[in-house]
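This is target-v8.pdb. It holds PDB, C-alpha atoms.
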```
ATOM      1  CA  MET F 194     107.135 117.435  20.553
ATOM      2  CA  SER F 195     109.709 115.632  18.430
ATOM      3  CA  THR F 196     112.796 114.236  20.153
ATOM      4  CA  ASN F 197     115.006 116.938  18.751
ATOM      5  CA  ASP F 198     113.141 119.966  20.029
ATOM      6  CA  THR F 199     114.070 121.780  23.176
ATOM      7  CA  GLU F 200     111.247 123.946  24.455
ATOM      8  CA  VAL F 201     112.296 127.075  26.401
ATOM      9  CA  VAL F 202     109.351 128.936  27.932
ATOM     10  CA  PHE F 203     109.545 132.453  29.419
ATOM     11  CA  GLU F 204     105.973 133.432  30.301
ATOM     12  CA  PRO F 205     105.506 137.202  30.721
ATOM     13  CA  GLY F 206     105.406 138.374  34.338
ATOM     14  CA  ARG F 207     106.515 135.046  35.775
ATOM     15  CA  GLN F 208     109.682 134.353  37.763
ATOM     16  CA  ASP F 209     110.615 131.117  36.059
ATOM     17  CA  ILE F 210     112.032 129.666  32.863
ATOM     18  CA  VAL F 211     110.882 126.172  31.933
ATOM     19  CA  VAL F 212     113.050 124.010  29.672
ATOM     20  CA  THR F 213     111.646 120.736  28.304
ATOM     21  CA  ARG F 214     113.401 118.144  26.181
ATOM     22  CA  VAL F 215     112.682 114.531  25.256
ATOM     23  CA  PHE F 216     115.792 112.355  25.030
ATOM     24  CA  ASP F 217     115.832 109.110  23.121
ATOM     25  CA  ALA F 218     117.367 107.084  25.988
ATOM     26  CA  PRO F 219     116.197 105.562  29.291
ATOM     27  CA  ARG F 220     116.183 107.939  32.218
ATOM     28  CA  GLU F 221     118.948 106.067  34.090
ATOM     29  CA  VAL F 222     121.218 106.947  31.164
ATOM     30  CA  VAL F 223     120.104 110.585  31.010
ATOM     31  CA  PHE F 224     120.417 110.922  34.766
ATOM     32  CA  ARG F 225     123.914 109.461  34.677
ATOM     33  CA  ALA F 226     125.052 111.848  31.943
ATOM     34  CA  TYR F 227     123.549 114.702  33.936
ATOM     35  CA  THR F 228     125.268 113.860  37.222
ATOM     36  CA  ASP F 229     128.639 112.333  36.354
ATOM     37  CA  PRO F 230     131.361 115.013  36.767
ATOM     38  CA  ARG F 231     133.480 113.319  34.067
ATOM     39  CA  LEU F 232     130.672 113.731  31.540
ATOM     40  CA  ILE F 233     129.770 117.378  32.302
ATOM     41  CA  PRO F 234     132.432 118.812  29.898
ATOM     42  CA  ARG F 235     130.790 116.842  27.061
ATOM     43  CA  TRP F 236     127.498 118.742  27.169
ATOM     44  CA  TRP F 237     127.289 121.569  29.723
ATOM     45  CA  GLY F 238     126.985 125.090  28.290
ATOM     46  CA  ALA F 239     126.840 126.518  24.800
ATOM     47  CA  ARG F 240     128.895 124.973  21.983
ATOM     48  CA  ARG F 241     131.606 127.606  21.921
ATOM     49  CA  PHE F 242     132.335 127.133  25.629
ATOM     50  CA  VAL F 243     134.618 124.621  27.313
ATOM     51  CA  THR F 244     133.530 123.644  30.812
ATOM     52  CA  GLU F 245     135.633 122.280  33.651
ATOM     53  CA  VAL F 246     134.209 120.822  36.829
ATOM     54  CA  ASP F 247     135.910 122.389  39.841
ATOM     55  CA  HIS F 248     133.869 120.187  42.191
ATOM     56  CA  MET F 249     130.526 118.361  42.011
ATOM     57  CA  ASP F 250     129.254 116.386  44.980
ATOM     58  CA  VAL F 251     125.829 115.106  43.927
ATOM     59  CA  ARG F 252     124.006 114.527  47.233
ATOM     60  CA  ARG F 253     121.858 116.569  49.625
ATOM     61  CA  GLY F 254     124.080 119.348  50.959
ATOM     62  CA  GLY F 255     126.780 118.659  48.368
ATOM     63  CA  GLN F 256     128.232 121.563  46.430
ATOM     64  CA  TRP F 257     129.060 122.051  42.781
ATOM     65  CA  ARG F 258     131.161 124.597  40.884
ATOM     66  CA  PHE F 259     131.860 124.741  37.156
ATOM     67  CA  VAL F 260     134.143 127.110  35.250
ATOM     68  CA  THR F 261     133.324 127.655  31.601
ATOM     69  CA  ARG F 262     135.585 129.384  29.075
ATOM     70  CA  ASN F 263     134.689 130.971  25.789
ATOM     71  CA  ALA F 264     136.983 129.132  23.348
ATOM     72  CA  GLU F 265     137.164 132.198  21.071
ATOM     73  CA  THR F 266     137.756 135.028  23.542
ATOM     74  CA  GLY F 267     139.173 133.111  26.521
ATOM     75  CA  ALA F 268     136.711 134.835  28.878
ATOM     76  CA  GLU F 269     135.891 132.709  31.922
ATOM     77  CA  TYR F 270     132.662 132.474  33.874
ATOM     78  CA  ALA F 271     132.028 130.507  37.048
ATOM     79  CA  PHE F 272     128.809 128.973  38.331
ATOM     80  CA  ARG F 273     128.109 127.281  41.630
ATOM     81  CA  GLY F 274     125.392 125.883  43.830
ATOM     82  CA  VAL F 275     124.288 123.409  46.459
ATOM     83  CA  TYR F 276     122.120 120.301  46.101
ATOM     84  CA  HIS F 277     118.931 120.378  48.146
ATOM     85  CA  ASP F 278     117.680 116.982  47.022
ATOM     86  CA  VAL F 279     118.931 114.195  44.759
ATOM     87  CA  ALA F 280     116.443 111.389  44.063
ATOM     88  CA  ALA F 281     118.071 109.257  41.356
ATOM     89  CA  PRO F 282     116.976 108.868  38.609
ATOM     90  CA  GLU F 283     113.892 111.063  39.018
ATOM     91  CA  ARG F 284     114.664 114.454  40.436
ATOM     92  CA  ILE F 285     117.373 116.922  41.400
ATOM     93  CA  VAL F 286     116.718 120.141  43.278
ATOM     94  CA  SER F 287     119.645 122.524  43.471
ATOM     95  CA  THR F 288     120.660 126.133  43.589
ATOM     96  CA  PHE F 289     122.424 127.813  40.681
ATOM     97  CA  GLU F 290     124.449 130.987  40.975
ATOM     98  CA  PHE F 291     126.429 132.909  38.402
ATOM     99  CA  GLU F 292     129.392 134.080  40.487
ATOM    100  CA  GLN F 293     129.813 137.316  38.568
ATOM    101  CA  GLY F 294     126.076 138.031  38.913
ATOM    102  CA  GLY F 295     126.311 139.416  42.441
ATOM    103  CA  PRO F 296     125.152 137.996  45.763
ATOM    104  CA  GLY F 297     121.566 136.924  46.236
ATOM    105  CA  HIS F 298     120.811 136.751  42.483
ATOM    106  CA  LEU F 299     120.590 133.034  42.275
ATOM    107  CA  GLN F 300     118.144 130.499  40.913
ATOM    108  CA  LEU F 301     116.475 127.432  42.300
ATOM    109  CA  ALA F 302     116.509 124.605  39.734
ATOM    110  CA  VAL F 303     114.077 121.698  39.861
ATOM    111  CA  ASP F 304     115.046 118.993  37.333
ATOM    112  CA  THR F 305     112.698 116.077  36.694
ATOM    113  CA  PHE F 306     113.342 113.010  34.560
ATOM    114  CA  GLU F 307     110.225 111.099  33.518
ATOM    115  CA  GLU F 308     110.444 107.806  31.655
ATOM    116  CA  ILE F 309     108.019 107.494  28.765
ATOM    117  CA  GLY F 310     108.326 104.228  26.846
ATOM    118  CA  GLY F 311     112.128 103.985  26.919
ATOM    119  CA  ARG F 312     112.550 107.682  26.263
ATOM    120  CA  THR F 313     113.027 110.414  28.874
ATOM    121  CA  ARG F 314     111.113 113.622  29.274
ATOM    122  CA  TYR F 315     113.374 116.101  31.029
ATOM    123  CA  VAL F 316     111.929 119.265  32.576
ATOM    124  CA  ASN F 317     114.002 121.992  34.205
ATOM    125  CA  VAL F 318     112.192 124.726  36.114
ATOM    126  CA  SER F 319     114.524 127.596  37.032
ATOM    127  CA  LEU F 320     113.126 130.022  39.568
ATOM    128  CA  PHE F 321     114.520 133.532  39.828
ATOM    129  CA  THR F 322     114.378 135.878  42.796
ATOM    130  CA  SER F 323     112.342 138.385  40.752
ATOM    131  CA  VAL F 324     110.765 138.866  37.331
ATOM    132  CA  GLU F 325     113.461 141.485  36.628
ATOM    133  CA  ASP F 326     116.224 139.021  37.449
ATOM    134  CA  ARG F 327     114.755 136.494  35.076
ATOM    135  CA  ASP F 328     114.149 139.029  32.307
ATOM    136  CA  GLY F 329     117.799 140.075  32.585
ATOM    137  CA  TRP F 330     118.784 136.673  31.144
ATOM    138  CA  ILE F 331     116.568 136.924  28.067
ATOM    139  CA  PRO F 332     118.843 139.173  25.948
ATOM    140  CA  THR F 333     121.911 137.031  26.718
ATOM    141  CA  ASP F 334     121.174 134.316  24.149
ATOM    142  CA  MET F 335     120.684 132.047  27.146
ATOM    143  CA  ASP F 336     118.001 130.062  25.314
ATOM    144  CA  LYS F 337     120.333 129.477  22.347
ATOM    145  CA  GLY F 338     122.993 128.177  24.759
ATOM    146  CA  VAL F 339     120.447 125.907  26.456
ATOM    147  CA  ARG F 340     119.352 124.436  23.121
ATOM    148  CA  GLU F 341     122.969 123.772  22.128
ATOM    149  CA  SER F 342     123.673 122.166  25.474
ATOM    150  CA  MET F 343     120.578 119.938  25.206
ATOM    151  CA  ASP F 344     121.649 118.878  21.698
ATOM    152  CA  LEU F 345     125.081 117.917  23.042
ATOM    153  CA  LEU F 346     123.426 115.959  25.859
ATOM    154  CA  GLU F 347     121.247 114.130  23.308
ATOM    155  CA  GLN F 348     124.372 113.112  21.368
ATOM    156  CA  LEU F 349     126.044 111.973  24.572
ATOM    157  CA  VAL F 350     123.154 109.820  25.795
ATOM    158  CA  HIS F 351     122.869 108.218  22.350
ATOM    159  CA  GLY F 352     126.462 107.113  22.741
ATOM    160  CA  LEU F 353     126.003 105.910  26.316
ATOM    161  CA  ARG F 354     122.856 103.984  25.401
ATOM    162  CA  GLY F 355     125.220 101.851  23.295
TER     163      GLY F 355
ATOM    164  CA  MET U 107     106.513 151.213  58.718
ATOM    165  CA  SER U 108     106.463 151.169  62.501
ATOM    166  CA  THR U 109     108.731 148.729  64.308
ATOM    167  CA  ASN U 110     105.845 146.520  65.302
ATOM    168  CA  ASP U 111     104.410 145.857  61.862
ATOM    169  CA  THR U 112     105.222 142.822  59.824
ATOM    170  CA  GLU U 113     104.387 143.272  56.160
ATOM    171  CA  VAL U 114     103.433 140.094  54.265
ATOM    172  CA  VAL U 115     102.991 140.660  50.522
ATOM    173  CA  PHE U 116     101.424 138.156  48.112
ATOM    174  CA  GLU U 117     101.166 139.875  44.747
ATOM    175  CA  PRO U 118      98.632 138.258  42.368
ATOM    176  CA  GLY U 119     100.194 136.011  39.726
ATOM    177  CA  ARG U 120     103.659 136.082  41.280
ATOM    178  CA  GLN U 121     105.619 133.118  42.637
ATOM    179  CA  ASP U 122     106.881 134.766  45.774
ATOM    180  CA  ILE U 123     105.846 135.954  49.216
ATOM    181  CA  VAL U 124     107.771 138.884  50.651
ATOM    182  CA  VAL U 125     107.904 139.401  54.419
ATOM    183  CA  THR U 126     109.374 142.621  55.819
ATOM    184  CA  ARG U 127     109.891 143.573  59.446
ATOM    185  CA  VAL U 128     111.941 146.228  61.220
ATOM    186  CA  PHE U 129     113.479 145.063  64.496
ATOM    187  CA  ASP U 130     114.600 147.475  67.164
ATOM    188  CA  ALA U 131     118.056 145.907  67.552
ATOM    189  CA  PRO U 132     121.384 145.904  65.659
ATOM    190  CA  ARG U 133     121.603 143.370  62.859
ATOM    191  CA  GLU U 134     124.313 141.295  64.577
ATOM    192  CA  VAL U 135     121.761 140.630  67.318
ATOM    193  CA  VAL U 136     118.933 139.814  64.905
ATOM    194  CA  PHE U 137     121.218 137.594  62.838
ATOM    195  CA  ARG U 138     122.343 135.745  65.965
ATOM    196  CA  ALA U 139     118.753 135.121  67.112
ATOM    197  CA  TYR U 140     117.950 133.919  63.589
ATOM    198  CA  THR U 141     120.833 131.462  63.315
ATOM    199  CA  ASP U 142     121.475 130.094  66.823
ATOM    200  CA  PRO U 143     119.852 126.632  67.131
ATOM    201  CA  ARG U 144     119.339 127.169  70.881
ATOM    202  CA  LEU U 145     117.263 130.285  70.198
ATOM    203  CA  ILE U 146     115.043 128.877  67.410
ATOM    204  CA  PRO U 147     112.455 127.399  69.846
ATOM    205  CA  ARG U 148     111.963 130.907  71.276
ATOM    206  CA  TRP U 149     110.535 132.393  68.112
ATOM    207  CA  TRP U 150     110.156 129.982  65.156
ATOM    208  CA  GLY U 151     106.596 129.258  64.054
ATOM    209  CA  ALA U 152     103.159 130.376  65.216
ATOM    210  CA  ARG U 153     102.466 130.945  68.925
ATOM    211  CA  ARG U 154     100.539 127.727  69.509
ATOM    212  CA  PHE U 155     103.415 125.609  68.146
ATOM    213  CA  VAL U 156     106.477 124.293  69.970
ATOM    214  CA  THR U 157     109.516 123.869  67.731
ATOM    215  CA  GLU U 158     112.492 121.583  68.227
ATOM    216  CA  VAL U 159     115.683 121.783  66.187
ATOM    217  CA  ASP U 160     116.588 118.329  64.893
ATOM    218  CA  HIS U 161     119.743 119.739  63.279
ATOM    219  CA  MET U 162     120.878 123.147  62.016
ATOM    220  CA  ASP U 163     124.297 123.566  60.441
ATOM    221  CA  VAL U 164     124.434 127.209  59.349
ATOM    222  CA  ARG U 165     127.035 127.222  56.542
ATOM    223  CA  ARG U 166     127.077 126.698  52.785
ATOM    224  CA  GLY U 167     125.977 123.117  52.162
ATOM    225  CA  GLY U 168     124.828 122.676  55.767
ATOM    226  CA  GLN U 169     121.408 121.195  56.427
ATOM    227  CA  TRP U 170     118.614 122.120  58.810
ATOM    228  CA  ARG U 171     115.521 120.299  60.047
ATOM    229  CA  PHE U 172     112.926 121.540  62.538
ATOM    230  CA  VAL U 173     109.958 119.648  63.992
ATOM    231  CA  THR U 174     107.072 121.760  65.221
ATOM    232  CA  ARG U 175     104.174 120.491  67.323
ATOM    233  CA  ASN U 176     100.753 122.000  67.790
ATOM    234  CA  ALA U 177     100.534 122.363  71.585
ATOM    235  CA  GLU U 178      96.738 121.894  71.506
ATOM    236  CA  THR U 179      96.328 118.934  69.156
ATOM    237  CA  GLY U 180      99.792 117.342  69.361
ATOM    238  CA  ALA U 181     100.030 117.209  65.553
ATOM    239  CA  GLU U 182     103.637 117.337  64.318
ATOM    240  CA  TYR U 183     105.028 118.896  61.172
ATOM    241  CA  ALA U 184     108.592 118.751  59.906
ATOM    242  CA  PHE U 185     110.512 121.241  57.775
ATOM    243  CA  ARG U 186     113.962 120.944  56.282
ATOM    244  CA  GLY U 187     116.397 122.532  53.894
ATOM    245  CA  VAL U 188     119.956 123.238  52.866
ATOM    246  CA  TYR U 189     121.958 126.463  53.119
ATOM    247  CA  HIS U 190     123.184 127.803  49.792
ATOM    248  CA  ASP U 191     124.909 130.857  51.216
ATOM    249  CA  VAL U 192     125.480 132.344  54.663
ATOM    250  CA  ALA U 193     127.005 135.838  54.738
ATOM    251  CA  ALA U 194     126.828 136.944  58.387
ATOM    252  CA  PRO U 195     125.229 139.280  59.369
ATOM    253  CA  GLU U 196     123.799 140.326  56.006
ATOM    254  CA  ARG U 197     122.260 137.474  54.107
ATOM    255  CA  ILE U 198     121.161 133.851  54.197
ATOM    256  CA  VAL U 199     120.029 131.914  51.132
ATOM    257  CA  SER U 200     118.479 128.547  51.848
ATOM    258  CA  THR U 201     115.913 126.043  50.715
ATOM    259  CA  PHE U 202     112.758 125.350  52.723
ATOM    260  CA  GLU U 203     110.680 122.229  52.368
ATOM    261  CA  PHE U 204     107.585 121.117  54.241
ATOM    262  CA  GLU U 205     108.205 117.361  54.480
ATOM    263  CA  GLN U 206     104.533 116.460  54.292
ATOM    264  CA  GLY U 207     104.126 118.701  51.235
ATOM    265  CA  GLY U 208     105.498 116.179  48.750
ATOM    266  CA  PRO U 209     108.760 116.103  46.802
ATOM    267  CA  GLY U 210     109.754 119.021  44.643
ATOM    268  CA  HIS U 211     107.330 121.487  46.305
ATOM    269  CA  LEU U 212     109.949 123.496  48.058
ATOM    270  CA  GLN U 213     110.834 127.144  48.408
ATOM    271  CA  LEU U 214     113.985 129.154  48.011
ATOM    272  CA  ALA U 215     114.341 131.688  50.819
ATOM    273  CA  VAL U 216     116.504 134.796  50.521
ATOM    274  CA  ASP U 217     116.830 136.564  53.884
ATOM    275  CA  THR U 218     118.487 139.977  54.078
ATOM    276  CA  PHE U 219     119.335 141.973  57.184
ATOM    277  CA  GLU U 220     119.950 145.662  56.597
ATOM    278  CA  GLU U 221     121.159 147.957  59.384
ATOM    279  CA  ILE U 222     119.370 151.295  59.537
ATOM    280  CA  GLY U 223     120.515 153.518  62.395
ATOM    281  CA  GLY U 224     120.838 150.791  65.027
ATOM    282  CA  ARG U 225     117.650 149.054  63.898
ATOM    283  CA  THR U 226     117.427 146.172  61.422
ATOM    284  CA  ARG U 227     115.256 145.881  58.345
ATOM    285  CA  TYR U 228     114.683 142.188  57.692
ATOM    286  CA  VAL U 229     113.332 141.040  54.335
ATOM    287  CA  ASN U 230     112.480 137.435  53.497
ATOM    288  CA  VAL U 231     111.690 136.580  49.885
ATOM    289  CA  SER U 232     110.250 133.060  49.546
ATOM    290  CA  LEU U 233     110.142 131.728  46.016
ATOM    291  CA  PHE U 234     107.749 128.923  45.111
ATOM    292  CA  THR U 235     108.013 126.499  42.226
ATOM    293  CA  SER U 236     104.733 127.815  40.803
ATOM    294  CA  VAL U 237     102.021 130.402  41.427
ATOM    295  CA  GLU U 238      99.674 127.520  42.375
ATOM    296  CA  ASP U 239     102.142 126.219  44.961
ATOM    297  CA  ARG U 240     102.359 129.652  46.508
ATOM    298  CA  ASP U 241      98.620 130.248  46.432
ATOM    299  CA  GLY U 242      98.135 126.921  48.228
ATOM    300  CA  TRP U 243      99.715 128.485  51.328
ATOM    301  CA  ILE U 244      97.397 131.498  51.441
ATOM    302  CA  PRO U 245      94.375 129.778  53.073
ATOM    303  CA  THR U 246      96.576 128.133  55.745
ATOM    304  CA  ASP U 247      96.826 131.208  57.988
ATOM    305  CA  MET U 248     100.511 131.180  57.095
ATOM    306  CA  ASP U 249     100.656 134.980  57.268
ATOM    307  CA  LYS U 250      99.150 134.996  60.779
ATOM    308  CA  GLY U 251     101.811 132.471  61.839
ATOM    309  CA  VAL U 252     104.555 134.584  60.281
ATOM    310  CA  ARG U 253     103.370 137.704  62.120
ATOM    311  CA  GLU U 254     103.294 135.823  65.428
ATOM    312  CA  SER U 255     106.756 134.433  64.805
ATOM    313  CA  MET U 256     108.129 137.890  63.939
ATOM    314  CA  ASP U 257     106.577 139.302  67.142
ATOM    315  CA  LEU U 258     108.299 136.561  69.163
ATOM    316  CA  LEU U 259     111.598 137.337  67.417
ATOM    317  CA  GLU U 260     111.169 141.043  68.274
ATOM    318  CA  GLN U 261     110.703 140.150  71.951
ATOM    319  CA  LEU U 262     113.738 137.899  71.836
ATOM    320  CA  VAL U 263     116.079 140.454  70.249
ATOM    321  CA  HIS U 264     114.926 143.086  72.759
ATOM    322  CA  GLY U 265     116.110 140.742  75.511
ATOM    323  CA  LEU U 266     119.401 139.916  73.769
ATOM    324  CA  ARG U 267     120.106 143.585  73.095
ATOM    325  CA  GLY U 268     120.338 143.812  76.907
TER     326      GLY U 268
END
```

Would you put the structure from the file into structure tokens?
Amino acid sequence: MSTNDTEVVFEPGRQDIVVTRVFDAPREVVFRAYTDPRLIPRWWGARRFVTEVDHMDVRRGGQWRFVTRNAETGAEYAFRGVYHDVAAPERIVSTFEFEQGGPGHLQLAVDTFEEIGGRTRYVNVSLFTSVEDRDGWIPTDMDKGVRESMDLLEQLVHGLRG
Amino acid sequence: MSTNDTEVVFEPGRQDIVVTRVFDAPREVVFRAYTDPRLIPRWWGARRFVTEVDHMDVRRGGQWRFVTRNAETGAEYAFRGVYHDVAAPERIVSTFEFEQGGPGHLQLAVDTFEEIGGRTRYVNVSLFTSVEDRDGWIPTDMDKGVRESMDLLEQLVHGLRG
């Protein structure tokens, strides 16, 4: 995989989506960009969205909530979750809920950051409560948004790497 | 399904285990037995285990940790997690990690309590990070332990119902 490819895998019949991306920066830098509330607006979400961090307390039991606004239509969407585990700079386990998605339709996200020769292999496994729940995200252009977000994160970590 | 049957479903190729049980008590009573730290030792885990609550803070972002000891061999096992959502008496969403199972091999548990004519239909969906992770639990007699635990909970809620 070249540095600039984000892989988004939906395997039929499974309850997960697996996103993989190699960043051209050490994992401490990628982890920092991923967990610093001040840096979230620089990369989180698709390009046409503007994200604000309502709160983000990156530790076991800490909560996060982001509000993202479509810059064209003004429509707002909120997302929230709780951190189960934060092992810097290797792993974050957290829940992820789309507030407008209805109760109980959340995801468990396992993020891993692996250092490979000064670069970082990032893997996000998102687990859904059912295959149907997961498949409901497929027509939403979610994978396009993820790729845009990963490209923005790549640009950010290039800058931070200095 | 009769009141005394616990259904434990592992569907091939899926990443979840679904446990269903109907309790002969109102859901406020079942929810209380499920969430009161003082009552956990009465029903949590298989019959030959004795469980102690290290801590259990039942609210969004709260953490829990239980230590369970095999009464015959003395072997101890610890489990922990974080609450994502607590909507009494309807739903609890939490993470579940076997401490000796290694980092990142956790489960997301969605518990729902539905009232049906004075009885309560309890459903637990446990989501695993992979099919392999889930299948690793099958040979452990986990389903036997779950059935025993659900039988103990039934006895408990009968007593609480008064």

Using all atoms listed in the file and a cut-off of 9 Å, which residues of chain F sit close to chain U? Please list them as a ChimeraX atom specification.
/F:206-209,253-256,274-278,284-288,296-297,299-301,303,305,318-324

Please write the residues picked by the PyMOL selection byres ((chain F and resi 220-226) around 6) on this file as a PDB file with C-alpha atoms, in the frame of the given file.
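Output (selection_10.pdb):
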```pdb
ATOM      1  CA  PRO F 219     116.197 105.562  29.291  1.00  0.00           C
ATOM      2  CA  TYR F 227     123.549 114.702  33.936  1.00  0.00           C
ATOM      3  CA  THR F 228     125.268 113.860  37.222  1.00  0.00           C
ATOM      4  CA  ASP F 229     128.639 112.333  36.354  1.00  0.00           C
ATOM      5  CA  LEU F 232     130.672 113.731  31.540  1.00  0.00           C
ATOM      6  CA  PRO F 282     116.976 108.868  38.609  1.00  0.00           C
ATOM      7  CA  GLU F 308     110.444 107.806  31.655  1.00  0.00           C
ATOM      8  CA  THR F 313     113.027 110.414  28.874  1.00  0.00           C
TER       9      THR F 313
END
```

With the file shown as input, list the residues that the PyMOL selection byres ((chain U and resi 246-254) around 12) selects, as a ChimeraX atom specification.
/U:110-116,123-127,148-155,230,240-245,255-261

For this file, the PyMOL selection byres ((chain U and resi 206) around 9) selects which residues, as a ChimeraX atom specification?
/U:183-185,203-205,207-209

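Across the model, the gap from CA of Glu245 in chain F to CA of Arg258 in chain F is 8.8 Å.
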
Padded axis-aligned box of range 239-258 of chain F (8 Å per side), centre and edge lengths, Å, one decimal, as AutoDock Vina command-line options:
```
--center_x 128.9 --center_y 121.1 --center_z 36.4 --size_x 30.1 --size_y 29.1 --size_z 45.0
```

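Take the candidates U:Val128, U:Ile146, U:Val156, U:Leu262 and check each one against Ala181 in chain U using only C-alpha atoms; the shortest distance goes to U:Val156.
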
Just give me the gap between CA of Glu196 in chain U and CA of Ile222 in chain U in Å, one decimal is fine.
12.3 Å

To one decimal in Å, tell me the separation between CA of Val263 in chain U and CA of Arg225 in chain U.
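We find that CA of Val263 in chain U and CA of Arg225 in chain U lie 10.8 Å from each other.
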